[in-house]
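Down below is the structure, laid out as structure tokens.
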Amino acid sequence: MKFGPCPPEEAAGCILAHKTKLGERTLKKGHVLTLEDCKKLSAAGDSTVVVARLEAGDIGEDEAATRLGLAARGKGLVVDTAVTGRMNLYAEQDGILVIDEQAITNANRIDPAITFATLANHTKVADGRMVATAKIISFAVPEAKVAAAAEAVRQAVRIRPFKSYKVGLVATELPHLKSATMDKTRRVLEQRLRPSQSEILEEIRVPHSEPEVARAIKALADKGADFLVLFGASAVVDRHDVLPAGLDLAGGKVKHLGMPVDPGNLLMLGEFDGKPVLGAPGCARSPKENGFDWVLDRLIAGLEVGSDEITAMGVGGLLMEIGTRPQPREARRTSEAPKIAAVILAAGKSSRMRGPNKLLAELDGKALVRHAAEAATNSDLNQTILVTGHRADDVSAPVVDLPVTVVHNPDFSDGMAGSIRAGMDALEADTDAVIILLGDMPRIDAKVLNTLIAAYGAKKNNLIITATADGKRGNPVLWDRRYFSALKSLSGDVGARHLIADNPGFVAEVEIGAAARLDLDTPEALQKAGGVLPED
């Protein structure tokens, strides 16, 4: 393929490299120029046009992508029509994505313009999910290289569909384990089995002893269970512990104990009379993803899982923290006086105010932004950061005499996430936690902030402290440094509420009353609260 500028008179049949205006028409990138197009470009005074010209042996991007995508497609996949050099592959059934990783790598090394990308190998996917894409970067590539890539990637991507199993559940009991916890454990397992249409045939609860576990395993197998899951009242910590010893006593076999996935380390894989047996780690009582899911899903899809497969799971095996764990993996800093900062978000346009900037509105004789800044600087916080955006100088003026670090978010129109990121970037390096404070919440005072700080220090697992009004969550929210990276990774105008939902075991709520949900976004709400709009 030849690429570069040429006179319009010589460009007929070539591929347009860049979007070009032609009178009232717009010729899109990738458009094949006609003789008429070229005449009009020349008449319009264009002396050159940048094009791609196919040479002998080349094929176009869409044809190349189609050949690559169709070659890679294995069982359980459908494809769409190639457009702009891209063909996507989609799952047409629920199951596990299985990839020949070396084949994909080999294809990607044939030519930089020929690319093939997939989800991670052994990802659990639902019908309709995009799992791979063939993308040709240039407008054309040599046919011989496409043929080589297609051969390398042939049948490299497929879906292994789930099978439906009758699952027998053995759950052992000890005095400390509440029946409500065991009931929830069963419900969580049922949720995990739902995509495969598997179901729990029966649950047998027995005392935490080897003979009782062995008896329950045999009983469930006799009743028709073709898959067994064992939940111990205490974790398996040794090859001779209750669950593996119970499986031995029943006549089964322990194939592997432990796995390099955290949470999920204390998993047991076994077999009884040809049936898979999974000894669940304690984290599997939570619905959050853990190593148990990785093994369970593969087994339900009929994939081979043994010691080789489990010991290969370490790369990528550091998963999200499970809130129900008694101790987090990463210990929180234990200094007697943690260093805590506030980030005040004051960058928005106040669009719902229909003109005035609400942060400059006055309540009790002070601008709203001044209320927020005074609350922070009068509290036990170590640093206060004010993030400005729209009308930055006007917003920062009411706090000029306070010990506040002002940072500007030039991309404030993109949403809240950019302001959070700007504020986080200004934190001192040794900060232990941060309170995200909205600039338009004038009833949040120093006492409220100190209450959040106290709650943070009360328990080591109190990593997210959220203010509530009559039990409903509001603002502000305190975040331990463990979540700093996640806060910096937010995008758009979406806040961090999903992080709270994803970490229920580390959330503490502090009831502060109506101040947590006071909304002064409209002129009516401001006036009702006794505020006065600024003149401009």
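Labels used: A, B, ... for chains in the order of the structure tokens, numbers from 1 for residues in each chain, and numbers from 1 for ligands as shown.
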
With a distance cut-off of 12 Å and only C-alpha atoms, select the neighbouring residues of Pro442 of chain A, excluding the residue or stretch itself and same-chain residues fewer than 3 positions from it, and output the selection as a PyMOL selection string. chain A and resi 344+358-376+437-439+445-446+448+475-476+514-520+526+529-531

Leaving out Glu55 of chain A and any residue of its chain fewer than 6 positions from it, which residues lie within 12 Å of it when counting only C-alpha atoms, given as JSON, numbers by chain? {"A": [1, 2, 3, 13, 14, 139, 140, 141, 142, 143]}

Determine which residues of segment 133-173 of chain A DSSP labels as helix (DSSP H, G or I) from the backbone of this structure, then write them out as a list in words. Glu143, Ala144, Lys145, Val146, Ala147, Ala148, Ala149, Ala150, Glu151 and Ala152 of chain A

Residues from the last selection, N, CA, C and O atoms, saved as a PDB file, in the first residue's frame:
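Wrote out_30.pdb, looks like this:
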ATOM      1  N   GLU A 143      -2.157  -9.331   1.295  1.00  0.00           N
ATOM      2  CA  GLU A 143      -3.023 -10.506   1.433  1.00  0.00           C
ATOM      3  C   GLU A 143      -2.277 -11.685   2.031  1.00  0.00           C
ATOM      4  O   GLU A 143      -2.834 -12.453   2.815  1.00  0.00           O
ATOM      5  N   ALA A 144      -1.007 -11.827   1.683  1.00  0.00           N
ATOM      6  CA  ALA A 144      -0.219 -12.954   2.190  1.00  0.00           C
ATOM      7  C   ALA A 144      -0.084 -12.890   3.714  1.00  0.00           C
ATOM      8  O   ALA A 144      -0.130 -13.924   4.398  1.00  0.00           O
ATOM      9  N   LYS A 145       0.057 -11.688   4.252  1.00  0.00           N
ATOM     10  CA  LYS A 145       0.177 -11.554   5.711  1.00  0.00           C
ATOM     11  C   LYS A 145      -1.162 -11.815   6.397  1.00  0.00           C
ATOM     12  O   LYS A 145      -1.208 -12.385   7.496  1.00  0.00           O
ATOM     13  N   VAL A 146      -2.247 -11.396   5.754  1.00  0.00           N
ATOM     14  CA  VAL A 146      -3.567 -11.690   6.311  1.00  0.00           C
ATOM     15  C   VAL A 146      -3.795 -13.196   6.338  1.00  0.00           C
ATOM     16  O   VAL A 146      -4.306 -13.748   7.322  1.00  0.00           O
ATOM     17  N   ALA A 147      -3.399 -13.864   5.268  1.00  0.00           N
ATOM     18  CA  ALA A 147      -3.556 -15.321   5.217  1.00  0.00           C
ATOM     19  C   ALA A 147      -2.755 -15.998   6.320  1.00  0.00           C
ATOM     20  O   ALA A 147      -3.222 -16.939   6.971  1.00  0.00           O
ATOM     21  N   ALA A 148      -1.536 -15.504   6.553  1.00  0.00           N
ATOM     22  CA  ALA A 148      -0.701 -16.084   7.608  1.00  0.00           C
ATOM     23  C   ALA A 148      -1.310 -15.855   8.985  1.00  0.00           C
ATOM     24  O   ALA A 148      -1.325 -16.753   9.838  1.00  0.00           O
ATOM     25  N   ALA A 149      -1.843 -14.648   9.211  1.00  0.00           N
ATOM     26  CA  ALA A 149      -2.468 -14.346  10.500  1.00  0.00           C
ATOM     27  C   ALA A 149      -3.727 -15.168  10.707  1.00  0.00           C
ATOM     28  O   ALA A 149      -3.993 -15.666  11.807  1.00  0.00           O
ATOM     29  N   ALA A 150      -4.513 -15.313   9.652  1.00  0.00           N
ATOM     30  CA  ALA A 150      -5.734 -16.107   9.752  1.00  0.00           C
ATOM     31  C   ALA A 150      -5.414 -17.560  10.070  1.00  0.00           C
ATOM     32  O   ALA A 150      -6.103 -18.208  10.870  1.00  0.00           O
ATOM     33  N   GLU A 151      -4.372 -18.087   9.474  1.00  0.00           N
ATOM     34  CA  GLU A 151      -3.978 -19.461   9.755  1.00  0.00           C
ATOM     35  C   GLU A 151      -3.483 -19.600  11.193  1.00  0.00           C
ATOM     36  O   GLU A 151      -3.789 -20.584  11.885  1.00  0.00           O
ATOM     37  N   ALA A 152      -2.742 -18.615  11.658  1.00  0.00           N
ATOM     38  CA  ALA A 152      -2.217 -18.673  13.027  1.00  0.00           C
ATOM     39  C   ALA A 152      -3.322 -18.641  14.073  1.00  0.00           C
ATOM     40  O   ALA A 152      -3.229 -19.296  15.112  1.00  0.00           O
TER      41      ALA A 152
END

Counting only C-alpha atoms, the option among A:Thr468, A:Asn503, A:Ser234, A:Ser307 closest to Val295 of chain A: A:Ser307

What is the atom CA of Pro338 of chain A-atom CA of Val434 of chain A distance in Å, reported with one decimal?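 Computed distance, atom CA of Pro338 of chain A to atom CA of Val434 of chain A, equals 10.5 Å.
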
In Å to one decimal, how far is atom CA of Ala180 of chain A from atom CA of Asp297 of chain A?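 Distance between the two atoms: 25.8 Å.
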
Hey, what's within 10 Å of Pro175 of chain A if we count only C-alpha atoms and toss same-chain stuff fewer than 4 positions away? As an MDAnalysis selection string, please? chainID A and resid 179 207:208 233

Please list as JSON, numbers by chain every residue within 12 Å of Glu289 of chain A, counting only C-alpha atoms and excluding residues in the same chain fewer than 5 positions away. {"A": [123, 124, 188, 192, 261, 262, 263, 264, 283, 284, 294, 295, 296, 297, 317, 318, 319, 320, 321, 322, 323, 502]}

Those same residues - N, CA, C and O atoms - I'd like them written as a compact mmCIF listing (two decimals), in the first residue's frame.
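This is the output file selection03.txt:
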# COMPACT_ATOMS: atom_id res chain seq x y z
N THR A 123 -12.60 -15.99 30.98
CA THR A 123 -13.59 -15.05 31.50
C THR A 123 -14.98 -15.67 31.42
O THR A 123 -15.33 -16.30 30.42
N LYS A 124 -15.75 -15.48 32.46
CA LYS A 124 -17.15 -15.90 32.44
C LYS A 124 -17.95 -14.88 31.63
O LYS A 124 -17.89 -13.69 31.91
N VAL A 188 -26.21 -17.32 48.31
CA VAL A 188 -25.11 -16.83 47.46
C VAL A 188 -24.68 -17.92 46.49
O VAL A 188 -24.41 -17.65 45.30
N ARG A 192 -24.69 -18.06 42.27
CA ARG A 192 -23.55 -18.44 41.44
C ARG A 192 -23.92 -19.54 40.44
O ARG A 192 -23.36 -19.63 39.35
N VAL A 261 -4.76 -17.40 44.56
CA VAL A 261 -5.74 -16.35 44.29
C VAL A 261 -6.22 -15.83 45.63
O VAL A 261 -6.58 -16.61 46.51
N ASP A 262 -6.21 -14.52 45.79
CA ASP A 262 -6.59 -13.92 47.06
C ASP A 262 -7.60 -12.80 46.80
O ASP A 262 -7.30 -11.86 46.06
N PRO A 263 -8.83 -12.93 47.35
CA PRO A 263 -9.34 -13.96 48.25
C PRO A 263 -9.59 -15.29 47.53
O PRO A 263 -9.92 -15.29 46.35
N GLY A 264 -9.43 -16.36 48.29
CA GLY A 264 -9.69 -17.68 47.74
C GLY A 264 -8.60 -18.69 48.05
O GLY A 264 -8.68 -19.85 47.63
N CYS A 283 -14.27 -16.93 52.01
CA CYS A 283 -14.68 -15.77 51.23
C CYS A 283 -15.81 -16.08 50.27
O CYS A 283 -16.49 -15.18 49.78
N ALA A 284 -16.05 -17.38 49.99
CA ALA A 284 -17.12 -17.75 49.07
C ALA A 284 -18.50 -17.55 49.70
O ALA A 284 -19.51 -17.67 49.01
N TRP A 294 -13.58 -18.80 40.10
CA TRP A 294 -12.75 -19.21 38.96
C TRP A 294 -12.80 -20.73 38.75
O TRP A 294 -12.90 -21.20 37.63
N VAL A 295 -12.71 -21.46 39.84
CA VAL A 295 -12.70 -22.92 39.74
C VAL A 295 -14.11 -23.45 39.50
O VAL A 295 -14.33 -24.32 38.65
N LEU A 296 -15.08 -22.93 40.24
CA LEU A 296 -16.47 -23.38 40.08
C LEU A 296 -16.94 -23.19 38.64
O LEU A 296 -17.50 -24.11 38.02
N ASP A 297 -16.71 -22.02 38.07
CA ASP A 297 -17.19 -21.74 36.71
C ASP A 297 -16.55 -22.67 35.69
O ASP A 297 -17.22 -23.17 34.77
N GLY A 317 -4.29 -12.96 40.01
CA GLY A 317 -5.06 -13.56 41.10
C GLY A 317 -5.24 -12.70 42.33
O GLY A 317 -5.82 -13.15 43.32
N LEU A 318 -4.76 -11.46 42.31
CA LEU A 318 -4.98 -10.55 43.43
C LEU A 318 -6.27 -9.80 43.14
O LEU A 318 -6.30 -8.86 42.35
N LEU A 319 -7.35 -10.23 43.77
CA LEU A 319 -8.68 -9.73 43.45
C LEU A 319 -9.13 -8.69 44.46
O LEU A 319 -8.40 -8.32 45.38
N MET A 320 -10.36 -8.23 44.30
CA MET A 320 -10.91 -7.23 45.21
C MET A 320 -11.00 -7.77 46.62
O MET A 320 -11.21 -8.96 46.83
N GLU A 321 -10.85 -6.88 47.58
CA GLU A 321 -10.98 -7.25 48.99
C GLU A 321 -12.41 -7.66 49.29
O GLU A 321 -13.37 -7.15 48.71
N ILE A 322 -12.58 -8.63 50.15
CA ILE A 322 -13.90 -9.07 50.59
C ILE A 322 -14.19 -8.42 51.94
O ILE A 322 -13.48 -8.61 52.91
N GLY A 323 -15.28 -7.68 52.01
CA GLY A 323 -15.57 -6.90 53.21
C GLY A 323 -15.84 -7.72 54.45
O GLY A 323 -15.68 -7.24 55.56
N ASP A 502 -19.52 -1.66 46.49
CA ASP A 502 -18.61 -2.79 46.29
C ASP A 502 -17.85 -3.19 47.54
O ASP A 502 -17.19 -4.23 47.55

Counting only C-alpha atoms, what is within 7 Å of Arg158 of chain A, bar same-chain residues fewer than 4 positions away, as a ChimeraX atom specification? /A:73-77,97-99

Point out the residue among A:Leu68, A:Asn357, A:Lys275, A:Gly23 with the least atom-to-atom distance to Leu41 of chain A, counting only C-alpha atoms. A:Gly23

Quick one: everything within 10 Å of Lys223 of chain A, counting only C-alpha atoms, minus sequence neighbours fewer than 6 positions away in the same chain. Send it as a short mmCIF file (atom, residue, chain, number, x, y, z; two decimals) with N, CA and C atoms, in the first residue's frame.
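Below is the file that was written, result23.cif:
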data_model
loop_
_atom_site.label_atom_id
_atom_site.label_comp_id
_atom_site.auth_asym_id
_atom_site.auth_seq_id
_atom_site.Cartn_x
_atom_site.Cartn_y
_atom_site.Cartn_z
N LYS A 166 -26.81 -31.01 39.31
CA LYS A 166 -27.52 -31.11 40.59
C LYS A 166 -26.45 -31.09 41.67
N GLY A 168 -24.95 -31.00 45.42
CA GLY A 168 -25.16 -31.33 46.81
C GLY A 168 -24.32 -30.43 47.69
N LEU A 201 -29.52 -29.55 44.90
CA LEU A 201 -30.41 -30.70 45.09
C LEU A 201 -30.86 -30.79 46.54
N GLU A 202 -29.89 -30.63 47.43
CA GLU A 202 -30.19 -30.70 48.87
C GLU A 202 -29.00 -30.17 49.64
#

Identify, with DSSP run on backbone atoms, the residues in segment 178-224 of chain A assigned to strand (DSSP E), and express the list as number ranges by chain. A: 199-207

Could you dump the residues just selected with all heavy atoms as a PDB file, in the first residue's frame?
ATOM      1  N   GLU A 199     -28.758 -26.317  40.100  1.00  0.00           N
ATOM      2  CA  GLU A 199     -29.540 -26.068  41.305  1.00  0.00           C
ATOM      3  C   GLU A 199     -29.034 -26.930  42.452  1.00  0.00           C
ATOM      4  O   GLU A 199     -28.400 -27.962  42.232  1.00  0.00           O
ATOM      5  CB  GLU A 199     -31.020 -26.340  41.055  1.00  0.00           C
ATOM      6  CG  GLU A 199     -31.326 -27.763  40.635  1.00  0.00           C
ATOM      7  CD  GLU A 199     -32.798 -27.978  40.342  1.00  0.00           C
ATOM      8  OE1 GLU A 199     -33.539 -26.975  40.340  1.00  0.00           O
ATOM      9  OE2 GLU A 199     -33.196 -29.135  40.117  1.00  0.00           O
ATOM     10  N   ILE A 200     -29.302 -26.462  43.654  1.00  0.00           N
ATOM     11  CA  ILE A 200     -28.919 -27.226  44.837  1.00  0.00           C
ATOM     12  C   ILE A 200     -29.958 -28.322  45.049  1.00  0.00           C
ATOM     13  O   ILE A 200     -31.135 -28.045  45.307  1.00  0.00           O
ATOM     14  CB  ILE A 200     -28.808 -26.316  46.066  1.00  0.00           C
ATOM     15  CG1 ILE A 200     -27.674 -25.299  45.864  1.00  0.00           C
ATOM     16  CG2 ILE A 200     -28.555 -27.148  47.327  1.00  0.00           C
ATOM     17  CD1 ILE A 200     -27.512 -24.315  47.008  1.00  0.00           C
ATOM     18  N   LEU A 201     -29.518 -29.552  44.897  1.00  0.00           N
ATOM     19  CA  LEU A 201     -30.406 -30.700  45.090  1.00  0.00           C
ATOM     20  C   LEU A 201     -30.858 -30.787  46.538  1.00  0.00           C
ATOM     21  O   LEU A 201     -32.054 -30.953  46.839  1.00  0.00           O
ATOM     22  CB  LEU A 201     -29.682 -31.981  44.672  1.00  0.00           C
ATOM     23  CG  LEU A 201     -30.406 -33.295  44.936  1.00  0.00           C
ATOM     24  CD1 LEU A 201     -31.612 -33.404  44.014  1.00  0.00           C
ATOM     25  CD2 LEU A 201     -29.460 -34.480  44.715  1.00  0.00           C
ATOM     26  N   GLU A 202     -29.887 -30.633  47.429  1.00  0.00           N
ATOM     27  CA  GLU A 202     -30.190 -30.698  48.865  1.00  0.00           C
ATOM     28  C   GLU A 202     -29.002 -30.165  49.642  1.00  0.00           C
ATOM     29  O   GLU A 202     -27.852 -30.294  49.197  1.00  0.00           O
ATOM     30  CB  GLU A 202     -30.495 -32.132  49.300  1.00  0.00           C
ATOM     31  CG  GLU A 202     -30.902 -32.252  50.771  1.00  0.00           C
ATOM     32  CD  GLU A 202     -31.255 -33.677  51.173  1.00  0.00           C
ATOM     33  OE1 GLU A 202     -31.523 -34.496  50.268  1.00  0.00           O
ATOM     34  OE2 GLU A 202     -31.239 -33.966  52.387  1.00  0.00           O
ATOM     35  N   GLU A 203     -29.278 -29.562  50.773  1.00  0.00           N
ATOM     36  CA  GLU A 203     -28.227 -29.150  51.704  1.00  0.00           C
ATOM     37  C   GLU A 203     -28.303 -30.012  52.943  1.00  0.00           C
ATOM     38  O   GLU A 203     -29.390 -30.208  53.512  1.00  0.00           O
ATOM     39  CB  GLU A 203     -28.381 -27.686  52.099  1.00  0.00           C
ATOM     40  CG  GLU A 203     -27.347 -27.226  53.128  1.00  0.00           C
ATOM     41  CD  GLU A 203     -27.570 -25.812  53.623  1.00  0.00           C
ATOM     42  OE1 GLU A 203     -28.609 -25.208  53.268  1.00  0.00           O
ATOM     43  OE2 GLU A 203     -26.719 -25.308  54.380  1.00  0.00           O
ATOM     44  N   ILE A 204     -27.175 -30.541  53.374  1.00  0.00           N
ATOM     45  CA  ILE A 204     -27.107 -31.299  54.618  1.00  0.00           C
ATOM     46  C   ILE A 204     -26.167 -30.559  55.562  1.00  0.00           C
ATOM     47  O   ILE A 204     -24.997 -30.332  55.239  1.00  0.00           O
ATOM     48  CB  ILE A 204     -26.599 -32.742  54.386  1.00  0.00           C
ATOM     49  CG1 ILE A 204     -27.572 -33.508  53.486  1.00  0.00           C
ATOM     50  CG2 ILE A 204     -26.422 -33.458  55.719  1.00  0.00           C
ATOM     51  CD1 ILE A 204     -27.130 -34.940  53.203  1.00  0.00           C
ATOM     52  N   ARG A 205     -26.696 -30.178  56.716  1.00  0.00           N
ATOM     53  CA  ARG A 205     -25.886 -29.515  57.744  1.00  0.00           C
ATOM     54  C   ARG A 205     -25.512 -30.533  58.806  1.00  0.00           C
ATOM     55  O   ARG A 205     -26.381 -31.245  59.341  1.00  0.00           O
ATOM     56  CB  ARG A 205     -26.651 -28.351  58.362  1.00  0.00           C
ATOM     57  CG  ARG A 205     -26.953 -27.247  57.348  1.00  0.00           C
ATOM     58  CD  ARG A 205     -27.648 -26.055  57.961  1.00  0.00           C
ATOM     59  NE  ARG A 205     -27.929 -25.032  56.943  1.00  0.00           N
ATOM     60  CZ  ARG A 205     -28.517 -23.861  57.190  1.00  0.00           C
ATOM     61  NH1 ARG A 205     -28.868 -23.543  58.440  1.00  0.00           N
ATOM     62  NH2 ARG A 205     -28.734 -23.017  56.203  1.00  0.00           N
ATOM     63  N   VAL A 206     -24.220 -30.599  59.094  1.00  0.00           N
ATOM     64  CA  VAL A 206     -23.724 -31.621  60.015  1.00  0.00           C
ATOM     65  C   VAL A 206     -22.725 -30.993  60.977  1.00  0.00           C
ATOM     66  O   VAL A 206     -22.164 -29.931  60.703  1.00  0.00           O
ATOM     67  CB  VAL A 206     -23.035 -32.775  59.248  1.00  0.00           C
ATOM     68  CG1 VAL A 206     -24.018 -33.480  58.328  1.00  0.00           C
ATOM     69  CG2 VAL A 206     -21.832 -32.264  58.452  1.00  0.00           C
ATOM     70  N   PRO A 207     -22.467 -31.644  62.114  1.00  0.00           N
ATOM     71  CA  PRO A 207     -21.405 -31.170  63.012  1.00  0.00           C
ATOM     72  C   PRO A 207     -20.065 -31.165  62.290  1.00  0.00           C
ATOM     73  O   PRO A 207     -19.840 -31.923  61.343  1.00  0.00           O
ATOM     74  CB  PRO A 207     -21.434 -32.197  64.156  1.00  0.00           C
ATOM     75  CG  PRO A 207     -22.819 -32.753  64.120  1.00  0.00           C
ATOM     76  CD  PRO A 207     -23.207 -32.790  62.680  1.00  0.00           C
TER      77      PRO A 207
END
